[in-house]
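Step one of this worksheet: look at the structure below.
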There are 4 protein chains.
Amino acid sequence: MLPWDAEMAGQLHRETITSTLLQGNPLGDPHERPIWVYTPPGYSDADTRYPAVYVIQGFTGHLAMWANRSAYRQPFPETADAVFASGEAPGCIVVYVDAWTAYGGSQFVDSPGTGPYHSYLCDEVVPWVDARYRTLAQPASRAITGKSSGGFGAMITPMLRPDLFGALATHAGDSLYEYAYVPEFAKAVRYLRPYDGDIFRWWEDFRSRPAFSGDGDGTLLILLGCSACFSADDDGTVRLPFDPVTGELVPERWQRWLDWDPVRMVDTYADALRSQRAIWIDAGTRDEWYLDIGAQAFRAGLSRIGVPDDRVHFELFNAGHGGIDYRYPQALAWLAHRLER
Amino acid sequence: MLPWDAEMAGQLHRETITSTLLQGNPLGDPHERPIWVYTPPGYSDADTRYPAVYVIQGFTGHLAMWANRSAYRQPFPETADAVFASGEAPGCIVVYVDAWTAYGGSQFVDSPGTGPYHSYLCDEVVPWVDARYRTLAQPASRAITGKSSGGFGAMITPMLRPDLFGALATHAGDSLYEYAYVPEFAKAVRYLRPYDGDIFRWWEDFRSRPAFSGDGDGTLLILLGCSACFSADDDGTVRLPFDPVTGELVPERWQRWLDWDPVRMVDTYADALRSQRAIWIDAGTRDEWYLDIGAQAFRAGLSRIGVPDDRVHFELFNAGHGGIDYRYPQALAWLAHRLER
Amino acid sequence: MLPWDAEMAGQLHRETITSTLLQGNPLGDPHERPIWVYTPPGYSDADTRYPAVYVIQGFTGHLAMWANRSAYRQPFPETADAVFASGEAPGCIVVYVDAWTAYGGSQFVDSPGTGPYHSYLCDEVVPWVDARYRTLAQPASRAITGKSSGGFGAMITPMLRPDLFGALATHAGDSLYEYAYVPEFAKAVRYLRPYDGDIFRWWEDFRSRPAFSGDGDGTLLILLGCSACFSADDDGTVRLPFDPVTGELVPERWQRWLDWDPVRMVDTYADALRSQRAIWIDAGTRDEWYLDIGAQAFRAGLSRIGVPDDRVHFELFNAGHGGIDYRYPQALAWLAHRLER
Amino acid sequence: MLPWDAEMAGQLHRETITSTLLQGNPLGDPHERPIWVYTPPGYSDADTRYPAVYVIQGFTGHLAMWANRSAYRQPFPETADAVFASGEAPGCIVVYVDAWTAYGGSQFVDSPGTGPYHSYLCDEVVPWVDARYRTLAQPASRAITGKSSGGFGAMITPMLRPDLFGALATHAGDSLYEYAYVPEFAKAVRYLRPYDGDIFRWWEDFRSRPAFSGDGDGTLLILLGCSACFSADDDGTVRLPFDPVTGELVPERWQRWLDWDPVRMVDTYADALRSQRAIWIDAGTRDEWYLDIGAQAFRAGLSRIGVPDDRVHFELFNAGHGGIDYRYPQALAWLAHRLER
């Protein structure tokens, strides 16, 4: 296969969804969003209905990045296509959802700081797809998958909406926030020293020059973005969960973050998790955010609440946080076999 | 501007060039290559001829990657378009050339290990463009630019062919090989221990699993690729410039590499360099390959041979080797002002 | 000055103290401890009484290490002597205390996991010194200083015993445990994987081979040691504050650690802190344990409780956690001027 | 054994040697040097003569540092004593030599930049020891051992003086300078930018403030010191082997360094090496200076020139460059068994 392009056996429909919920969102992000819907080989030949797998992205991801090419690897839409084209797994509809924001992401939650992205996904995107494509419109036939913040979204969305999603895959999904985020707070205190601890002064600077040309840009962007998602005031004012000068945690805000830690949510949403047919969890053993440990804790939580082992795939592999897109088609194939059809 | 896409003021023509020279190349790489030719705003309104800037890529780069999108930045074809659309610089034709090989790159040289990529660029691509687009087909109106291995290509090609190229820009271009490559040889010895020092056993392994899932993949690929470019036997057999077990340099092979060090080529090609109208050199002060030091040495070489200071732009900036694509349009604008029209 | 040795102007008395409190300590560590008492130049010429500065060590430090020499630097006992010999500050008695344990340290607290080191320091060492040397035996004339865990001890001991200590200096003292320790828990989970999460299996291994020849040795030792100090059961059983397999914090144990966080202790011990005449706080801006941020938080706490600014010296400087012994004599001189005499 | 001290079975004689050769050395370093001579258990009970093992230090090492203590490890003079006290190996005299200079070391060579340290070692120290202690004064009974620069000295000294030394041990000894030193040149160019490329301006700065409080201090000191040893002019002027602004190697100076590369010296000194009874070579597989690769190359060189395998111990082990002192007694014991007595 040439590196420049590939022919796909199925078909990728690049469409636009007009969201009502995202209108007037606090960051002024577009409410018309791109959405790609993949239909597998044979889709147009018959009137079979298919399970659907929703694919969401990590922080700073936006939909067009799925088309990015790199050396010696194919983009996921192509490797996903190959899963079905090769007969490795039965066909699914695959839905690539955009939930980007000006701060780099939405964490797929409803927040006054960013907008109602959870509701957009569940109450607008899913019905939109079901109305236009021959899906099997039931949780047992609907999965969600993602990496990093996308893995987080893939964990929490079925917890909140088991009436919609009955299977999930998380690759290095955000979890155990004391390990994933707390060290970043410490780094942020240092990065904010030149800005007198004011993250909005950094943000202004960030927008005025080439993005990511400052050393702390990556760290500060994620913290600003997650604060907008997790600890914004009702009026949308974004609040950091720590004092940016002394580093001290602000307990009530930090608790709001912890309330969104998938590991800590397991017991509250035990019924929803027990209703899932298939749960794929993996992460690299050298994940820079320690998400391998979060994966272990989430896995242990599933055991604790009684999710049967045969519904869970758990795997740690030798990798860091980056470059693990080759895992996605593996989880996709595994899910495709387990979704009801 | 939305992150997903952009409208361009000029036009990007995505074409294919059929190379005679690349037919039967030793790695079996395609001789039909994609090529993108950008024409600036106003191109189709008149019969003006334009200078042309050839853009070449770094190691592991292939043409389709110019379309890759990332958060908070636009792809170079769009930022390049903005240079002309904004009036920052007068219009140029911009030619995006593909010189990828199965080993990750060609270094834009003719080698029995990879193929005649230098000749392909100079004797096939340039005439092909001149025949199809309204270029000013003279060296004073033709520049070449690139980053990393592309910066290397942008340095050596005008040295070898001043009859074709009269201006260049190198961003963190490969140079001072003792700093850029020698430390990699040491790492390679370690990475090759599990393969008993046999880089082709590693290559076989690399091709059998997800690319870059092994720790040493990046280092070993570059060394294999550059060996194919710089120190292959006449029959195409690739030879490393060091003993893969003891690390000792193999002097005659290493000398073949050094013969391609732009810093060491300056005196030999002094006339060609003195014929250039404009030479842009930059690099990040934290470049992981120490290419900032190579940039300093190349700059000092230009002074030594008497290239006037007013033809040279030299700049070190705070960055590593990655994420510096925001520099490309700056150099493009600078060149556009200096090319004859 | 030659690198090998130095003559001191004052006198260093190397003695042994026999502790009653440390007899039968749970780790079987010696209850006879070395103690060094420095008397300044002129001490033996008159019957003047002097302030006393107690010097305690960081984790894994034991008394004999104060004699260690390195290139281009003098040991602290010599640079401390120079402070007085040069006239930079008026003479003090300097007491070098040993509080080492088999797990690397005692954190200068009373714990069923290690022994009553706080009481040993306060109720045995201090009276022992006062009985044998011409100290001014009052808190206004007694200071304590240390680095890292020694800085921690220097913060907490005057909080607990303002009747003994009226001044302190902390160099990169342990504080803000979410930044200093929590990331270490994550690392420990990984390091304990080969030991099935059992830190005592690691400890057994550690004792059976050259110390620190395993990658995780440093991290695991500190966590074992601090667990022995902060979260041991009443019977001395050491408990980690996190689940070594899933990484999840064990709230009640982790709270016991937090109860020993100097930043969190400020309000409880506000009176004791307000009674201090002089408080020196410093740390390197690149401290690997983020103790610069802890220093900022501790400093801010002092302001909050109303410690006057003129009693506090606060300074961040360009350094990591190591190699900052050149700071000690600076703090010593500053304290020497502020102790009552 | 308590961490603070140890009783030794043998005896360590701390003496001073007055060198004639070092008088008037260019750096003004003392010509009276400390020297420690260890005599094994039983030495004073009979008139047996013993083999002698000379121990030399790495860069920045000076003699008093052998007494340094650290947690969980004993100083080498104590672990060396234990080798003989335990009966693991037959007794040897162990001679701890000082060859420190103001620039951090002498590399145990004669240089107009530092002084005649090779001659001092061979023509002054050895006869001085033989005259005062009951050594077996012949090469078959005299070994030399060291780590890092000390390992380098242990390789080259027997090459130059097989009439004196008949066995050696090198732990991570300097070798394959393209890997050990060349990357440091690149770092030095960067570190010297604030000093306009003038290493003596850096040196002046270094001497005016706490040593090693600047980021590049370690790198620059070694390069200054090794330049003084390897590429000084006849009048003692120190010359760097690279242009400190452009990084370009200065071929004739760099060649002088390479002439001192043990790997490159093997063929020239083949007879001397073939005369050795025992050669121990080891290094850590993660050595920061790639000295594991140098060790492999040196080992391969011995095979090439026909040194029988049974005279060589070669071992790579999991470690970096630091903290490998636990290897020293292993080599000492191995040598002790192989020296003639």
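Chains: A, B, ... in order of the structure tokens. Residues: from 1 per chain. Ligands: from 1, in order shown.
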Spatial neighbours of Val266 of chain C, max dist 9 Å, only C-alpha atoms, sep filter under 3 positions, as an MDAnalysis selection string: chainID C and resid 159 261:263 269:270 273 298 301:302 305
All helix (DSSP H, G or I) positions in segment 85-187 of chain D, as a VMD selection string: chain D and resid 85 117 to 132 139 to 141 149 to 160 177 to 180 182 to 187
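You can rank A:Ala140, A:Val97, A:Ala211, A:Ile199 by their closest distance to Ser227 of chain A using only C-alpha atoms, and at the top of that list sits A:Ile199.
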Residue neighbourhood Pro162 of chain B, 10 Å, only C-alpha atoms, exclusion window fewer than 5 positions, as a ChimeraX atom specification: /B:139-140,156-157,167,269,271-276
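The space between atom CA of Arg286 of chain A and atom CA of Phe212 of chain C spans 21.1 Å.
Any residue of chain B with an atom no more than 8 Å from chain D counts as a contact; using only C-alpha atoms, that gives Leu176, Glu178, Tyr179, Val182, Pro183, Ala186, Val189, Arg190, Val245, Thr246, Gly247, Glu248, Thr285, Tyr290, Ile293, Gly294, Gln296, Ala297 and Ala300 of chain B.
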Polymer residues at most 10 Å from segment 31-40 of chain A, only C-alpha atoms, same-chain spacing of 6 or more positions, as a count of residues only: 53
Moved coordinates, chain B onto chain A, all Cα atoms, as a compact mmCIF listing (two decimals) with C-alpha atoms, in the first residue's frame:
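Printed below is selection.txt as written:
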# COMPACT_ATOMS: atom_id res chain seq x y z
CA MET B 1 0.04 0.03 -0.03
CA LEU B 2 1.46 3.39 -0.94
CA PRO B 3 1.98 5.82 1.91
CA TRP B 4 0.06 8.63 0.32
CA ASP B 5 -3.40 7.25 0.14
CA ALA B 6 -5.53 4.13 0.27
CA GLU B 7 -8.73 2.92 -1.21
CA MET B 8 -11.26 1.87 1.33
CA ALA B 9 -13.59 -1.07 1.03
CA GLY B 10 -16.34 0.70 2.94
CA GLN B 11 -17.38 4.28 2.57
CA LEU B 12 -16.65 7.34 4.67
CA HIS B 13 -19.43 9.92 4.58
CA ARG B 14 -18.18 13.36 5.52
CA GLU B 15 -21.16 15.31 6.72
CA THR B 16 -22.13 18.24 8.87
CA ILE B 17 -24.43 18.15 11.85
CA THR B 18 -26.20 21.27 13.02
CA SER B 19 -26.46 21.27 16.78
CA THR B 20 -29.14 23.16 18.61
CA LEU B 21 -27.54 22.53 21.97
CA LEU B 22 -24.19 24.01 20.99
CA GLN B 23 -25.74 27.24 19.77
CA GLY B 24 -24.54 30.13 21.86
CA ASN B 25 -21.94 28.05 23.64
CA PRO B 26 -19.74 30.11 25.95
CA LEU B 27 -16.56 29.83 23.91
CA GLY B 28 -18.21 30.85 20.68
CA ASP B 29 -17.32 27.57 19.03
CA PRO B 30 -19.26 26.57 15.93
CA HIS B 31 -22.53 24.74 16.38
CA GLU B 32 -22.23 23.27 12.94
CA ARG B 33 -19.87 20.38 13.29
CA PRO B 34 -18.28 17.99 10.89
CA ILE B 35 -19.16 14.37 11.43
CA TRP B 36 -17.89 11.36 9.55
CA VAL B 37 -19.96 8.23 9.27
CA TYR B 38 -18.35 5.12 7.95
CA THR B 39 -20.46 2.38 6.43
CA PRO B 40 -18.86 -1.01 5.99
CA PRO B 41 -18.42 -3.02 2.79
CA GLY B 42 -21.77 -4.35 1.64
CA TYR B 43 -23.75 -1.61 3.35
CA SER B 44 -25.33 -0.37 0.15
CA ASP B 45 -26.02 -3.84 -1.22
CA ALA B 46 -28.71 -4.80 1.27
CA ASP B 47 -30.88 -3.39 3.99
CA THR B 48 -29.10 -5.01 6.90
CA ARG B 49 -28.87 -2.95 10.07
CA TYR B 50 -25.51 -2.65 11.79
CA PRO B 51 -24.15 -1.97 15.21
CA ALA B 52 -22.55 1.45 15.58
CA VAL B 53 -19.28 2.36 17.19
CA TYR B 54 -18.80 5.99 18.15
CA VAL B 55 -15.24 7.23 18.06
CA ILE B 56 -14.22 10.26 20.06
CA GLN B 57 -10.88 12.04 20.27
CA GLY B 58 -8.27 13.02 22.80
CA PHE B 59 -7.56 16.52 24.01
CA THR B 60 -6.66 18.98 21.22
CA GLY B 61 -8.14 16.54 18.73
CA HIS B 62 -10.54 17.76 16.09
CA LEU B 63 -12.23 15.73 13.46
CA ALA B 64 -10.06 16.56 10.47
CA MET B 65 -7.05 15.10 12.25
CA TRP B 66 -8.36 11.58 11.61
CA ALA B 67 -7.17 12.09 8.04
CA ASN B 68 -3.61 12.82 9.11
CA ARG B 69 -1.04 10.51 7.60
CA SER B 70 2.28 9.45 9.03
CA ALA B 71 5.12 7.29 7.85
CA TYR B 72 4.62 3.54 7.96
CA ARG B 73 1.14 3.79 9.42
CA GLN B 74 -2.32 4.25 8.01
CA PRO B 75 -4.89 6.59 9.52
CA PHE B 76 -7.43 4.93 11.78
CA PRO B 77 -10.33 5.28 9.33
CA GLU B 78 -8.29 3.10 6.98
CA THR B 79 -7.17 0.56 9.57
CA ALA B 80 -10.73 0.45 10.85
CA ASP B 81 -11.94 -0.21 7.32
CA ALA B 82 -9.39 -3.00 7.03
CA VAL B 83 -10.85 -4.70 10.10
CA PHE B 84 -14.10 -5.18 8.22
CA ALA B 85 -12.69 -5.55 4.73
CA SER B 86 -10.42 -8.37 5.83
CA GLY B 87 -13.23 -10.26 7.50
CA GLU B 88 -11.50 -10.00 10.85
CA ALA B 89 -14.77 -8.75 12.32
CA PRO B 90 -18.34 -8.31 11.11
CA GLY B 91 -19.28 -4.91 9.73
CA CYS B 92 -20.15 -1.93 11.88
CA ILE B 93 -21.06 1.63 11.27
CA VAL B 94 -18.33 3.81 12.71
CA VAL B 95 -19.17 7.36 13.72
CA TYR B 96 -16.38 9.91 14.09
CA VAL B 97 -17.64 12.67 16.33
CA ASP B 98 -16.22 16.16 16.74
CA ALA B 99 -16.32 17.71 20.20
CA TRP B 100 -13.49 20.16 19.94
CA THR B 101 -13.55 23.55 21.69
CA ALA B 102 -11.43 26.66 21.63
CA TYR B 103 -9.69 25.40 24.77
CA GLY B 104 -8.76 22.14 23.09
CA GLY B 105 -11.59 19.86 24.12
CA SER B 106 -14.85 19.31 25.90
CA GLN B 107 -14.16 16.11 27.86
CA PHE B 108 -17.59 15.10 26.52
CA VAL B 109 -19.32 16.61 29.54
CA ASP B 110 -21.88 19.35 29.93
CA SER B 111 -20.20 22.38 31.44
CA PRO B 112 -21.09 26.06 31.75
CA GLY B 113 -17.44 26.69 30.84
CA THR B 114 -17.56 25.07 27.43
CA GLY B 115 -21.02 23.92 26.48
CA PRO B 116 -23.30 20.87 26.64
CA TYR B 117 -21.07 18.44 24.76
CA HIS B 118 -22.33 15.37 26.58
CA SER B 119 -25.89 16.18 25.65
CA TYR B 120 -24.85 17.07 22.12
CA LEU B 121 -23.27 13.64 21.77
CA CYS B 122 -26.09 11.70 23.36
CA ASP B 123 -29.16 13.66 22.40
CA GLU B 124 -28.19 15.07 19.06
CA VAL B 125 -25.44 13.03 17.43
CA VAL B 126 -26.81 9.59 18.26
CA PRO B 127 -30.37 10.31 17.03
CA TRP B 128 -28.96 12.07 14.00
CA VAL B 129 -26.98 8.98 13.07
CA ASP B 130 -29.82 6.60 13.81
CA ALA B 131 -32.13 8.66 11.61
CA ARG B 132 -29.77 8.65 8.66
CA TYR B 133 -28.01 5.30 8.76
CA ARG B 134 -29.22 1.76 9.19
CA THR B 135 -28.03 1.29 12.73
CA LEU B 136 -29.36 -1.13 15.31
CA ALA B 137 -30.62 1.61 17.56
CA GLN B 138 -30.24 -0.05 20.93
CA PRO B 139 -27.54 0.00 23.59
CA ALA B 140 -26.55 -3.63 23.01
CA SER B 141 -25.55 -2.60 19.52
CA ARG B 142 -23.95 0.73 20.27
CA ALA B 143 -20.40 1.21 21.54
CA ILE B 144 -18.12 4.11 22.17
CA THR B 145 -14.34 4.17 21.98
CA GLY B 146 -11.53 6.65 22.33
CA LYS B 147 -8.03 7.35 23.54
CA SER B 148 -6.81 9.63 26.31
CA SER B 149 -9.57 12.18 26.90
CA GLY B 150 -11.47 10.14 24.34
CA GLY B 151 -10.95 7.10 26.52
CA PHE B 152 -12.29 9.12 29.41
CA GLY B 153 -15.35 10.01 27.39
CA ALA B 154 -15.74 6.37 26.43
CA MET B 155 -15.79 5.41 30.12
CA ILE B 156 -18.12 8.05 31.43
CA THR B 157 -20.66 8.27 28.65
CA PRO B 158 -21.98 4.72 29.07
CA MET B 159 -21.93 5.24 32.85
CA LEU B 160 -24.22 8.23 32.42
CA ARG B 161 -26.26 6.85 29.55
CA PRO B 162 -26.48 3.07 29.69
CA ASP B 163 -29.76 3.51 27.84
CA LEU B 164 -27.66 4.49 24.84
CA PHE B 165 -24.31 2.70 25.10
CA GLY B 166 -23.78 -0.95 25.91
CA ALA B 167 -20.08 -1.38 25.17
CA LEU B 168 -16.92 0.68 25.32
CA ALA B 169 -13.20 0.75 24.71
CA THR B 170 -10.76 3.02 26.49
CA HIS B 171 -7.17 3.39 25.41
CA ALA B 172 -5.12 5.18 28.04
CA GLY B 173 -8.23 6.93 29.24
CA ASP B 174 -7.96 9.74 31.78
CA SER B 175 -8.37 8.37 35.29
CA LEU B 176 -6.82 8.40 38.76
CA TYR B 177 -6.53 12.16 38.63
CA GLU B 178 -4.03 12.38 41.46
CA TYR B 179 -1.48 10.84 39.14
CA ALA B 180 -2.67 12.14 35.81
CA TYR B 181 -3.32 15.75 36.77
CA VAL B 182 -1.77 16.65 40.10
CA PRO B 183 1.82 16.64 38.85
CA GLU B 184 0.65 18.93 36.05
CA PHE B 185 -0.62 21.42 38.59
CA ALA B 186 2.89 21.65 40.01
CA LYS B 187 4.37 22.23 36.60
CA ALA B 188 1.69 24.81 35.90
CA VAL B 189 2.65 26.82 38.97
CA ARG B 190 6.14 27.11 37.55
CA TYR B 191 4.98 27.88 34.03
CA LEU B 192 2.66 30.57 35.37
CA ARG B 193 5.38 32.41 37.30
CA PRO B 194 6.13 34.73 34.36
CA TYR B 195 2.40 35.46 34.17
CA ASP B 196 2.09 36.20 37.90
CA GLY B 197 -0.05 33.13 38.27
CA ASP B 198 -2.72 34.37 35.89
CA ILE B 199 -3.60 31.64 33.40
CA PHE B 200 -5.62 34.07 31.32
CA ARG B 201 -2.55 36.20 30.79
CA TRP B 202 -0.87 33.07 29.53
CA TRP B 203 -3.87 32.33 27.32
CA GLU B 204 -3.73 35.81 25.83
CA ASP B 205 -0.04 35.29 25.15
CA PHE B 206 -0.65 31.85 23.70
CA ARG B 207 -3.16 33.22 21.24
CA SER B 208 -0.81 36.00 20.17
CA ARG B 209 2.08 33.83 18.97
CA PRO B 210 2.66 30.47 17.32
CA ALA B 211 0.83 27.89 19.40
CA PHE B 212 3.02 25.60 21.45
CA SER B 213 6.10 27.75 20.95
CA GLY B 214 6.26 28.29 24.71
CA ASP B 215 7.54 25.54 26.97
CA GLY B 216 4.50 25.28 29.18
CA ASP B 217 1.87 25.62 26.48
CA GLY B 218 0.84 21.99 26.44
CA THR B 219 0.47 21.71 30.19
CA LEU B 220 -1.35 25.00 30.62
CA LEU B 221 -3.75 24.41 27.78
CA ILE B 222 -4.90 21.10 29.19
CA LEU B 223 -5.41 22.57 32.64
CA LEU B 224 -7.32 25.53 31.30
CA GLY B 225 -9.43 23.28 29.16
CA CYS B 226 -10.17 20.74 31.89
CA SER B 227 -10.94 23.53 34.33
CA ALA B 228 -13.46 24.86 31.86
CA CYS B 229 -14.98 21.38 31.69
CA PHE B 230 -14.82 20.40 35.35
CA SER B 231 -14.69 23.43 37.60
CA ALA B 232 -16.32 26.38 35.88
CA ASP B 233 -18.75 28.54 37.76
CA ASP B 234 -22.38 28.53 36.71
CA ASP B 235 -21.80 31.73 34.76
CA GLY B 236 -19.01 30.03 32.81
CA THR B 237 -16.10 31.59 34.68
CA VAL B 238 -13.25 29.12 34.58
CA ARG B 239 -11.65 28.27 37.93
CA LEU B 240 -8.42 26.36 38.38
CA PRO B 241 -8.58 23.63 41.03
CA PHE B 242 -5.39 24.94 42.63
CA ASP B 243 -3.94 28.23 43.74
CA PRO B 244 -1.69 29.16 40.84
CA VAL B 245 0.85 30.88 43.11
CA THR B 246 1.19 28.49 46.04
CA GLY B 247 0.02 25.35 44.31
CA GLU B 248 -2.39 24.54 47.10
CA LEU B 249 -5.43 22.58 46.00
CA VAL B 250 -8.77 24.36 46.30
CA PRO B 251 -10.71 21.51 47.88
CA GLU B 252 -14.19 22.18 46.60
CA ARG B 253 -12.98 22.70 43.03
CA TRP B 254 -10.63 19.75 43.13
CA GLN B 255 -13.51 17.65 44.41
CA ARG B 256 -15.47 18.63 41.29
CA TRP B 257 -12.63 17.19 39.23
CA LEU B 258 -12.50 14.04 41.33
CA ASP B 259 -16.22 13.59 40.84
CA TRP B 260 -15.36 13.08 37.19
CA ASP B 261 -12.63 10.52 37.84
CA PRO B 262 -13.84 7.29 36.21
CA VAL B 263 -12.17 5.26 38.94
CA ARG B 264 -14.12 7.14 41.57
CA MET B 265 -17.36 6.93 39.55
CA VAL B 266 -17.39 3.14 39.38
CA ASP B 267 -19.44 2.50 42.48
CA THR B 268 -21.96 5.24 41.79
CA TYR B 269 -22.56 3.95 38.29
CA ALA B 270 -22.22 0.27 39.07
CA ASP B 271 -25.52 -0.68 37.46
CA ALA B 272 -24.65 1.10 34.25
CA LEU B 273 -21.27 -0.62 34.13
CA ARG B 274 -22.77 -4.01 34.87
CA SER B 275 -25.10 -3.46 31.93
CA GLN B 276 -22.23 -3.21 29.47
CA ARG B 277 -21.67 -6.18 27.21
CA ALA B 278 -18.03 -5.49 26.51
CA ILE B 279 -15.40 -3.28 28.07
CA TRP B 280 -11.92 -2.98 26.57
CA ILE B 281 -9.26 -1.31 28.70
CA ASP B 282 -5.66 -0.87 27.71
CA ALA B 283 -2.73 1.50 28.22
CA GLY B 284 1.02 1.68 27.77
CA THR B 285 3.16 0.71 30.74
CA ARG B 286 5.16 3.91 30.38
CA ASP B 287 2.23 6.27 29.93
CA GLU B 288 3.46 9.74 30.82
CA TRP B 289 0.20 10.44 32.65
CA TYR B 290 0.29 7.14 34.53
CA LEU B 291 -2.90 6.10 32.79
CA ASP B 292 -1.75 2.50 32.94
CA ILE B 293 -2.30 2.72 36.66
CA GLY B 294 -5.66 4.36 36.14
CA ALA B 295 -6.49 1.47 33.82
CA GLN B 296 -5.55 -1.01 36.52
CA ALA B 297 -7.68 0.81 39.06
CA PHE B 298 -10.66 1.00 36.70
CA ARG B 299 -10.30 -2.71 35.94
CA ALA B 300 -10.15 -3.51 39.65
CA GLY B 301 -13.26 -1.40 40.17
CA LEU B 302 -15.16 -3.45 37.60
CA SER B 303 -14.27 -6.62 39.48
CA ARG B 304 -15.32 -5.07 42.74
CA ILE B 305 -18.81 -4.25 41.47
CA GLY B 306 -19.21 -7.65 39.86
CA VAL B 307 -18.71 -7.10 36.15
CA PRO B 308 -18.00 -10.61 34.86
CA ASP B 309 -14.45 -11.17 33.68
CA ASP B 310 -15.53 -12.48 30.30
CA ARG B 311 -16.91 -9.08 29.37
CA VAL B 312 -13.64 -7.31 30.00
CA HIS B 313 -10.47 -7.16 27.97
CA PHE B 314 -7.56 -5.70 29.94
CA GLU B 315 -4.07 -5.23 28.61
CA LEU B 316 -0.99 -3.22 29.40
CA PHE B 317 1.58 -3.01 26.66
CA ASN B 318 5.03 -1.51 26.24
CA ALA B 319 4.44 2.08 25.17
CA GLY B 320 4.08 5.63 26.35
CA HIS B 321 1.02 7.78 25.81
CA GLY B 322 1.76 8.62 22.20
CA GLY B 323 1.79 6.61 19.02
CA ILE B 324 -0.65 3.94 20.16
CA ASP B 325 -3.24 4.34 17.41
CA TYR B 326 -2.40 0.83 16.24
CA ARG B 327 -4.39 -0.37 19.24
CA TYR B 328 -7.64 1.18 18.02
CA PRO B 329 -8.50 -1.36 15.33
CA GLN B 330 -7.80 -4.19 17.78
CA ALA B 331 -10.42 -2.86 20.15
CA LEU B 332 -12.79 -2.12 17.30
CA ALA B 333 -12.64 -5.71 16.08
CA TRP B 334 -13.14 -7.01 19.61
CA LEU B 335 -16.19 -4.80 20.08
CA ALA B 336 -17.60 -5.66 16.66
CA HIS B 337 -17.74 -9.31 17.68
CA ARG B 338 -19.56 -8.52 20.91
CA LEU B 339 -22.19 -6.05 19.79
CA GLU B 340 -25.60 -7.50 19.23
CA ARG B 341 -26.69 -7.83 15.65
DSSP strand (DSSP E or B) residues within segment 17-260 of chain D, as number ranges by chain: D: 17-18, 32-39, 50, 52-56, 70, 73, 93-96, 110-111, 115-116, 135, 142-147, 167-171, 232, 238, 242, 249
